[in-house]
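J.: For reference, the structure I am asking about is given below.
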Number of protein chains: 8
Amino acid sequence: MKNKRPAVEPFVDLGYAKLDLHRAERKGFPEVVFCQGKTPVQVLTIASRLFRTHRRVLLTRVTADTGRRLKKRFRRGRYCPEARLFYAGTIPVGVGLVTVLSAGTADIPIAEEAAVTAEVMGSRVQRIFDVGVAGIHRLVAFRKQIEASRVIIIVAGMDGVLPSVAGGLFCRPIIAVPTSIGYGLNLGGVAPLLTMLNSCAPGVAVVNIDNGFGAGYLASVINRR
Amino acid sequence: MKNKRPAVEPFVDLGYAKLDLHRAERKGFPEVVFCQGKTPVQVLTIASRLFRTHRRVLLTRVTADTGRRLKKRFRRGRYCPEARLFYAGTIPVGVGLVTVLSAGTADIPIAEEAAVTAEVMGSRVQRIFDVGVAGIHRLVAFRKQIEASRVIIIVAGMDGVLPSVAGGLFCRPIIAVPTSIGYGLNLGGVAPLLTMLNSCAPGVAVVNIDNGFGAGYLASVINRR
Amino acid sequence: MKNKRPAVEPFVDLGYAKLDLHRAERKGFPEVVFCQGKTPVQVLTIASRLFRTHRRVLLTRVTADTGRRLKKRFRRGRYCPEARLFYAGTIPVGVGLVTVLSAGTADIPIAEEAAVTAEVMGSRVQRIFDVGVAGIHRLVAFRKQIEASRVIIIVAGMDGVLPSVAGGLFCRPIIAVPTSIGYGLNLGGVAPLLTMLNSCAPGVAVVNIDNGFGAGYLASVINRR
Amino acid sequence: MKNKRPAVEPFVDLGYAKLDLHRAERKGFPEVVFCQGKTPVQVLTIASRLFRTHRRVLLTRVTADTGRRLKKRFRRGRYCPEARLFYAGTIPVGVGLVTVLSAGTADIPIAEEAAVTAEVMGSRVQRIFDVGVAGIHRLVAFRKQIEASRVIIIVAGMDGVLPSVAGGLFCRPIIAVPTSIGYGLNLGGVAPLLTMLNSCAPGVAVVNIDNGFGAGYLASVINRR
Amino acid sequence: MKNKRPAVEPFVDLGYAKLDLHRAERKGFPEVVFCQGKTPVQVLTIASRLFRTHRRVLLTRVTADTGRRLKKRFRRGRYCPEARLFYAGTIPVGVGLVTVLSAGTADIPIAEEAAVTAEVMGSRVQRIFDVGVAGIHRLVAFRKQIEASRVIIIVAGMDGVLPSVAGGLFCRPIIAVPTSIGYGLNLGGVAPLLTMLNSCAPGVAVVNIDNGFGAGYLASVINRR
Amino acid sequence: MKNKRPAVEPFVDLGYAKLDLHRAERKGFPEVVFCQGKTPVQVLTIASRLFRTHRRVLLTRVTADTGRRLKKRFRRGRYCPEARLFYAGTIPVGVGLVTVLSAGTADIPIAEEAAVTAEVMGSRVQRIFDVGVAGIHRLVAFRKQIEASRVIIIVAGMDGVLPSVAGGLFCRPIIAVPTSIGYGLNLGGVAPLLTMLNSCAPGVAVVNIDNGFGAGYLASVINRR
Amino acid sequence: MKNKRPAVEPFVDLGYAKLDLHRAERKGFPEVVFCQGKTPVQVLTIASRLFRTHRRVLLTRVTADTGRRLKKRFRRGRYCPEARLFYAGTIPVGVGLVTVLSAGTADIPIAEEAAVTAEVMGSRVQRIFDVGVAGIHRLVAFRKQIEASRVIIIVAGMDGVLPSVAGGLFCRPIIAVPTSIGYGLNLGGVAPLLTMLNSCAPGVAVVNIDNGFGAGYLASVINRR
Amino acid sequence: MKNKRPAVEPFVDLGYAKLDLHRAERKGFPEVVFCQGKTPVQVLTIASRLFRTHRRVLLTRVTADTGRRLKKRFRRGRYCPEARLFYAGTIPVGVGLVTVLSAGTADIPIAEEAAVTAEVMGSRVQRIFDVGVAGIHRLVAFRKQIEASRVIIIVAGMDGVLPSVAGGLFCRPIIAVPTSIGYGLNLGGVAPLLTMLNSCAPGVAVVNIDNGFGAGYLASVINRR
């Protein structure tokens, strides 16, 4: 499907997994390993094989236990327990500022997943947490700092209102991440997802519930543009 | 069920309807006639019979055609086409200010239903329309006026964000009315309903989708308290 | 956004949380701490900092363990295990009666959350529990007592029918709280929520499922009016 | 599948329909023709063929136009426009009283479908309409009459509360029929359906939304028992 | 609300519960205690108090632990672990046959709840389990026995098809109970509930998911008619 | 993506449509034109262009008006108004019997769409309509004929029960097509879809609601195997 | 219902289960035992009884514990822990190739359930796992091998996209199995189910979520055709 | 809320609408007028007033009739009937290429809404329509052209699969727009929305159903970055 093939083979077949070694060439970043539903042994094997080709690796939804095992294998790797991410290898120098806002304290794990992903993929990141609209002056106080960034990621559960308000104030692409944080009729994140999809403020797009990784990835792609 | 019964009979049986003549005594306001699903003749008969006992009548979801027929019967009555309300008889002098906010222009019919209902039930009403959060300075500009009221009704479709923001700014009971105005995944008003139910700002309660009448009624009950 | 700023700074930035110190001024009550999703250390730090400014604090969704820790920090504070609330500091003298009804015995925890919240915010509260419509004479027996109150909170799971019946009997603002109590097709509280939203009896508004706190808060705002 | 077969053939094959001529023997009543989705010619052909064998016929969801055509074919038949039913032939003498309650005026078409079906199948029927719980004394006033019946059918839209209340008062089998009458979040009848399924009052079963025919049929089967 | 009051007081107020002592008079059977969400102590207190007045008591959703405690208090009572029911006191002699069918083996606990409830309320009961339509000759083999009963209860999960098929074969009132048994898109019992509500075979009504008690109760009310 | 490319170009670009001329080679049948959402002119242009290459063409969801226009262009083509299909060109000789069952008369248009599609694609087809389970002997009467076929298509709305029953009787692949025919809580076909997905009888797979075309297509692919 | 009955009795009645001994004759394979919701003792009894008649047995959703017990009873049986299947007795020689594709590594347990079922029922099976569309060249690389099969089973969670893409490439019947694997708004498998039902590529049918058994069974029925 | 206010007043109050004149300064583009739910007179008044300040105006969801009236008022404006957009005034020179892909022909109106919006806001736009995955070589054929763009907008109904496939091939930010085009269980666009949210290919974000305007707006904001 492409004229000039790279030197590496197109994929490695481990039976239970087929590692896509051309992903970095096509997408600008090697295959990221989604660890949920894989055994620790599978994760370690996959990570090692990818690292051999690309000299860097990023894994998501990593449990504390698997994180420890990875740390043993990749001595200079880093496990972020809150973000449930593990990465190892060369991290590019950060260029282009990405701002990660969270509406509440409880949204921070997902916000961290977004922030670390963006950093690993080469963006500079500033975090501004707990600026929900119940006290909107907290958001306004950070206006200048936020406007200095190229992309804004907004992580919010409950009513998911923050992207609508920020979308009325700032002139930057906004990636909204609904979280399953909340109670009552939050519906596992469907409530803030709907709020964000129906936002009256244009310039907002949405990723899946709790998908901090996807937001961080997209922010970096926009940043790199 | 009560010790001292009023002079009027408890209800009138028309076969297809049983008019509750004790409602005014129990609830402080006569039975309001919901016209959807009733024939014009049924509506006229019911309205006339209630008027005979209570000397005033309020009807909701009145079509233009039925409005005209009612106007013929009750010469001094008034039909509000936007709010689809008809009322006739003694309107009490307005006491206690109710503010009705709308997020957008398209929400105005429901906002009017709330406003006129509150007026007919004896509240003073101020209307402030199209103050959605895409330009939040429009809301802030009316801050003083809004704080002068006893109850705030907020009518919003689309993402339904306005009550969350107002709930962070104002110290008054807020009755939120989601509307079916919107497109995409508005889900006939379910999206703003969920936003409002999940609002982080306490002091907000919600009525049914497009139920401007219910909001105006409750505002008056709170007002009268 | 306001002319005359109070002496206290607008908010304190703890990184993971930004405490809104102007909330009391704007909303008449300091920021209430929602503890779900926060670590015990975060809760204690936040509570201490808010208490320093406002001399009172209210926390919701407090686990038994965190309740014990708070009790050590605030010796004169009180933890209500059923309502999962903790509060400390000056409680205003109760004015204006709020009635809290529950349909069943299983709804009592949410009813207690509403009742204690209203008390902490300065309302007098009477509790009348287990008056569901399967034996409607139990509700009717308390008619006089209920009519003596300024606001009625009704907590109900299962079919959520009580607010409709009470709305036909009483002339007071009714705040309905659906609960996730039930089985079969209760849908985690959606069934009683729908019943309440569709209530034929006007004068009823609804808060989120299991949101006893929100109902107690709103009742006090109406009470204070 | 049965030892002694009746004289008539088991079914007639019209190509687009296979008329079940043994239904009367098995179920105690001939096949009822559901007309929605059938052409007038198909309806007439089917009705004529069934009538030839059974000397009576009942058709549901009959449009006014098809009703007129049926009337021409069956001179002594009767079309009920409100219930959208047509029937012709021998109606058994009514035995066993069935009460049909409706919560509101708008529910009457479905209530009539239930009532006429029960009559055609041989039950005596009394109708008591518009006894919703907003004025519960209207229901109580008919208590004696209702308790004289063998089965109670309750037709209700909006919040669907009436069966719960009646279930607490009466000691008779209750068949609840939710209707799609309502507005806001009625969800085409799902809201009252959920209320009825979750009813705390035992002794209540539910048929499909707007299925007055099914309720009348079942009431007669219970009646005949 | 009634002319001649019975000697017993209308209800007992335990604070957390108001026991309806007139239920037996109104409904023909004393208040049944739903134990989910109540503490063992509450259950024992309520059961004892009801037993004192009525000399019999029925409790549903009883855990094994509470069952043991009840057994100590009521030596001659009986706990049915599969049906999670406990009853004590005079059981009337069974009259009128009720058939309880189950589609599968896994549906038996709910079927037992229905069967024991009907027995405790005075019906004779025959159980025919595992007659789902994958082998329809199993159902047909019991045809005579089934037709000897006054009411048929059908308990089915998965696709919920059995009531439709039985409704085409038998001329008795059918009470269908959907169960949450199944996998894939069973949706906690919503799939069989929908099948049953949409059944083409008239003469079928539905109770809530897993509500064996409700079906047994209603069957007895029909039986007693 | 393939070694030996066919002589025809891979696709034709009309701007608003890109006709896939390799589809016949890859899938064994040329691209079928889904007409909904296309203008008559677009449909005619696309059909003509496809016909030029493949000498045959099949179009689905064709309105009567577009059918007439197609008939003018393709004199020897045929429009089936009930199935809303149009086809022209060489029809292969039918091999391998496909049986199309419908549960009711109202399901026939979808059943016809399936039947005609299978015929156009080269299967022999027998139609057996209106064999729903309310009179199960009608289905059993056709047992031999049904077992003579290679594939069974079952079209059913309402409760969607027929595939479960047929799946217990016949040893052939069953393709179930839920239809949006029904009333009450049919949910536009979701109710029978759920019944079919949850069928206890293995050997059943499901296509989209009202997707007679998809069922006929798949039946032919299985047939051709 | 059939002319010539086989020598074995039609079913065995164990009370809690009625074993259908004619299933093999009707359906070409003996009754398969669904173990979820049955006790280990029930499972063992049923398996033994079926084995006695048919000399082979297949059980699904078998827990590790029950698997061990079955292994003791059937020494030459085999338990597949990943697929949660147990089978014993004569396995027919495999004929006709079935390909089982999985989109991801996490989908393998369901894919194995499909593959082993098809093998036990007499099909040859090839497994090609982890060929999701994020790297579509992995699928294309296996093109020849896939086209050599008679039926394709595709197991996919997350976005469920693989059947649509494969449906555009291959000319074989495709049975799609959505899995509950995923996160965010996967909705327990509803998201990939919807994608598969709405697939633009004809020739695809769908079984229930996680129903690998059903897919393997149907593939074998098609294979045997 | 900002230090240096622009010369123009913050908003104009028309009663039914409050025009936000600072939007251009804050967001880089003047307020866009959403015409659904507004009368033609309101639309004309709003458009004229906005034009007076900003010398350009963009209106969405414009009916043909309102389009004609606008054309009379703004002689040099342009109405795009397919996209239902109207714009007038200075259009910036296009910089930065945006590619708009559509999966099918029927998705073109929404794709046009996206394309025209991006053009009016200053992007260069290339359109590639009808490249759905049923014939994936059509997409691959445009690979080079697509990779030349800064942002990719993908408009798809039915199964919504295209963004997942494109996300695996291209290294650009992808904005996915689900459309309500489809049939069966498309659920008004919810099916493709879910597919897109659950896409395994990172780098994809989603806007509301049929929200071509939002996608075009966001693409331009990213483009301008």
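Chain labels follow the order of the structure tokens: the first chain is A, the next B, and so on; residue numbering restarts at 1 in every chain, and ligands are counted from 1 in their shown order.
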Skipping near chain neighbours, those fewer than 4 positions away, what residues fall within 12 Å of Val140 (chain G) using only C-alpha atoms, listed as a list in words?
T.: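 The residues that qualify are Met1, Pro10 and Phe11 of chain A; Met1 and Lys2 of chain F; Ile128, Val131, Gly132, Val133, Gly135, Ile136, Lys144, Gln145, Ile146, Glu147, Leu162, Val165, Ala166, Gly168, Leu169 and Phe170 of chain G; Ile136 and His137 of chain H.
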J.: Fewer than 3 positions away in the same chain doesn't count, so skip those; otherwise give me all residues within 12 Å of Ala103 (chain H), counting only C-alpha atoms, as JSON, numbers by chain.
T.: {"F": [16, 17, 18], "G": [200], "H": [100, 106, 107, 108, 110, 111, 127, 128, 129, 130, 131, 132, 133, 134, 135, 136, 138, 139, 153, 154, 155, 156, 157, 158, 159, 160, 161, 162, 163, 164, 165, 166, 176, 177, 178, 179, 181, 182, 192]}
J.: Would you mind listing, as a PyMOL selection string, all residues of chain F that have at least one atom within 12 Å of chain H, where only C-alpha atoms are what counts?
T.: chain F and resi 1-2+9-27+30-39+42-43+46+61+110+177-180+187-191+193-194+207-214
J.: Taking only region 29-191 of chain B into account, list the residues labelled strand (DSSP E) by DSSP (computed from the backbone), as a ChimeraX atom specification.
T.: /B:33-34,56-60,78-80,85-89,97-102,124-128,151-156,174-178
J.: Selected residues, N, CA and C atoms, written as a CSV table (one decimal), in the first residue's frame, please.
T.:
chain,number,residue,atom,x,y,z
B,33,VAL,N,-56.0,23.8,33.9
B,33,VAL,CA,-56.4,22.9,32.8
B,33,VAL,C,-55.3,22.7,31.8
B,34,PHE,N,-54.8,21.4,31.7
B,34,PHE,CA,-53.8,21.0,30.7
B,34,PHE,C,-54.6,20.6,29.5
B,56,ARG,N,-61.8,32.6,38.4
B,56,ARG,CA,-60.6,32.7,37.6
B,56,ARG,C,-60.2,31.4,37.1
B,57,VAL,N,-59.4,31.4,36.0
B,57,VAL,CA,-59.0,30.1,35.4
B,57,VAL,C,-57.7,30.3,34.6
B,58,LEU,N,-56.9,29.2,34.6
B,58,LEU,CA,-55.6,29.2,33.9
B,58,LEU,C,-55.6,28.0,33.0
B,59,LEU,N,-55.3,28.1,31.8
B,59,LEU,CA,-55.2,26.9,30.9
B,59,LEU,C,-53.8,26.9,30.2
B,60,THR,N,-53.2,25.7,30.1
B,60,THR,CA,-51.9,25.5,29.5
B,60,THR,C,-52.0,24.7,28.2
B,78,ARG,N,-57.1,36.6,28.4
B,78,ARG,CA,-56.0,36.9,27.5
B,78,ARG,C,-55.3,35.6,27.1
B,79,TYR,N,-55.0,35.5,25.8
B,79,TYR,CA,-54.3,34.4,25.2
B,79,TYR,C,-52.9,34.8,24.9
B,80,CYS,N,-51.8,34.1,25.4
B,80,CYS,CA,-50.4,34.4,25.1
B,80,CYS,C,-50.0,33.4,24.1
B,85,LEU,N,-50.6,29.9,26.7
B,85,LEU,CA,-51.4,30.0,27.9
B,85,LEU,C,-52.7,30.9,27.7
B,86,PHE,N,-53.7,30.5,28.4
B,86,PHE,CA,-54.9,31.4,28.4
B,86,PHE,C,-55.3,31.6,29.9
B,87,TYR,N,-55.6,32.8,30.2
B,87,TYR,CA,-56.2,33.0,31.6
B,87,TYR,C,-57.3,34.0,31.6
B,88,ALA,N,-58.1,33.9,32.6
B,88,ALA,CA,-59.2,34.9,32.7
B,88,ALA,C,-59.5,35.1,34.2
B,89,GLY,N,-60.0,36.2,34.5
B,89,GLY,CA,-60.4,36.4,35.9
B,89,GLY,C,-59.4,37.3,36.7
B,97,LEU,N,-40.3,39.4,43.7
B,97,LEU,CA,-39.8,39.4,42.3
B,97,LEU,C,-39.3,38.0,41.9
B,98,VAL,N,-39.7,37.5,40.7
B,98,VAL,CA,-39.2,36.3,40.2
B,98,VAL,C,-38.4,36.7,38.9
B,99,THR,N,-37.1,36.2,38.7
B,99,THR,CA,-36.4,36.5,37.5
B,99,THR,C,-36.4,35.3,36.6
B,100,VAL,N,-36.8,35.5,35.4
B,100,VAL,CA,-36.7,34.4,34.4
B,100,VAL,C,-35.6,34.6,33.4
B,101,LEU,N,-34.6,33.8,33.4
B,101,LEU,CA,-33.5,33.9,32.5
B,101,LEU,C,-33.6,32.9,31.4
B,102,SER,N,-33.3,33.2,30.2
B,102,SER,CA,-33.2,32.2,29.1
B,102,SER,C,-31.8,32.2,28.6
B,124,ARG,N,-44.4,39.3,40.8
B,124,ARG,CA,-43.8,40.2,39.9
B,124,ARG,C,-42.7,39.5,39.1
B,125,VAL,N,-42.5,39.7,37.8
B,125,VAL,CA,-41.6,39.0,37.0
B,125,VAL,C,-40.7,39.9,36.2
B,126,GLN,N,-39.4,39.7,36.2
B,126,GLN,CA,-38.5,40.3,35.2
B,126,GLN,C,-37.9,39.3,34.3
B,127,ARG,N,-37.8,39.6,33.0
B,127,ARG,CA,-37.3,38.7,32.0
B,127,ARG,C,-35.9,39.2,31.5
B,128,ILE,N,-35.0,38.3,31.5
B,128,ILE,CA,-33.6,38.6,31.0
B,128,ILE,C,-33.3,37.4,30.1
B,151,VAL,N,-36.6,34.4,43.7
B,151,VAL,CA,-36.4,33.1,43.0
B,151,VAL,C,-35.9,33.3,41.6
B,152,ILE,N,-35.1,32.4,41.1
B,152,ILE,CA,-34.6,32.5,39.7
B,152,ILE,C,-35.0,31.3,39.0
B,153,ILE,N,-35.7,31.5,37.8
B,153,ILE,CA,-36.0,30.4,36.9
B,153,ILE,C,-35.0,30.5,35.7
B,154,ILE,N,-34.4,29.4,35.4
B,154,ILE,CA,-33.4,29.4,34.3
B,154,ILE,C,-33.9,28.4,33.2
B,155,VAL,N,-34.1,28.9,32.0
B,155,VAL,CA,-34.6,28.1,30.9
B,155,VAL,C,-33.5,27.9,29.9
B,156,ALA,N,-33.1,26.7,29.6
B,156,ALA,CA,-31.9,26.4,28.8
B,156,ALA,C,-32.0,25.1,28.0
B,174,ILE,N,-32.8,28.3,42.7
B,174,ILE,CA,-32.8,28.3,41.2
B,174,ILE,C,-33.7,27.1,40.8
B,175,ILE,N,-34.7,27.4,39.9
B,175,ILE,CA,-35.5,26.3,39.3
B,175,ILE,C,-35.0,26.3,37.8
B,176,ALA,N,-34.5,25.1,37.5
B,176,ALA,CA,-33.9,25.0,36.1
B,176,ALA,C,-34.9,24.2,35.2
B,177,VAL,N,-35.1,24.7,34.0
B,177,VAL,CA,-36.1,24.1,33.0
B,177,VAL,C,-35.3,23.7,31.8
B,178,PRO,N,-35.0,22.5,31.6
B,178,PRO,CA,-34.4,22.1,30.4
B,178,PRO,C,-35.4,22.1,29.2
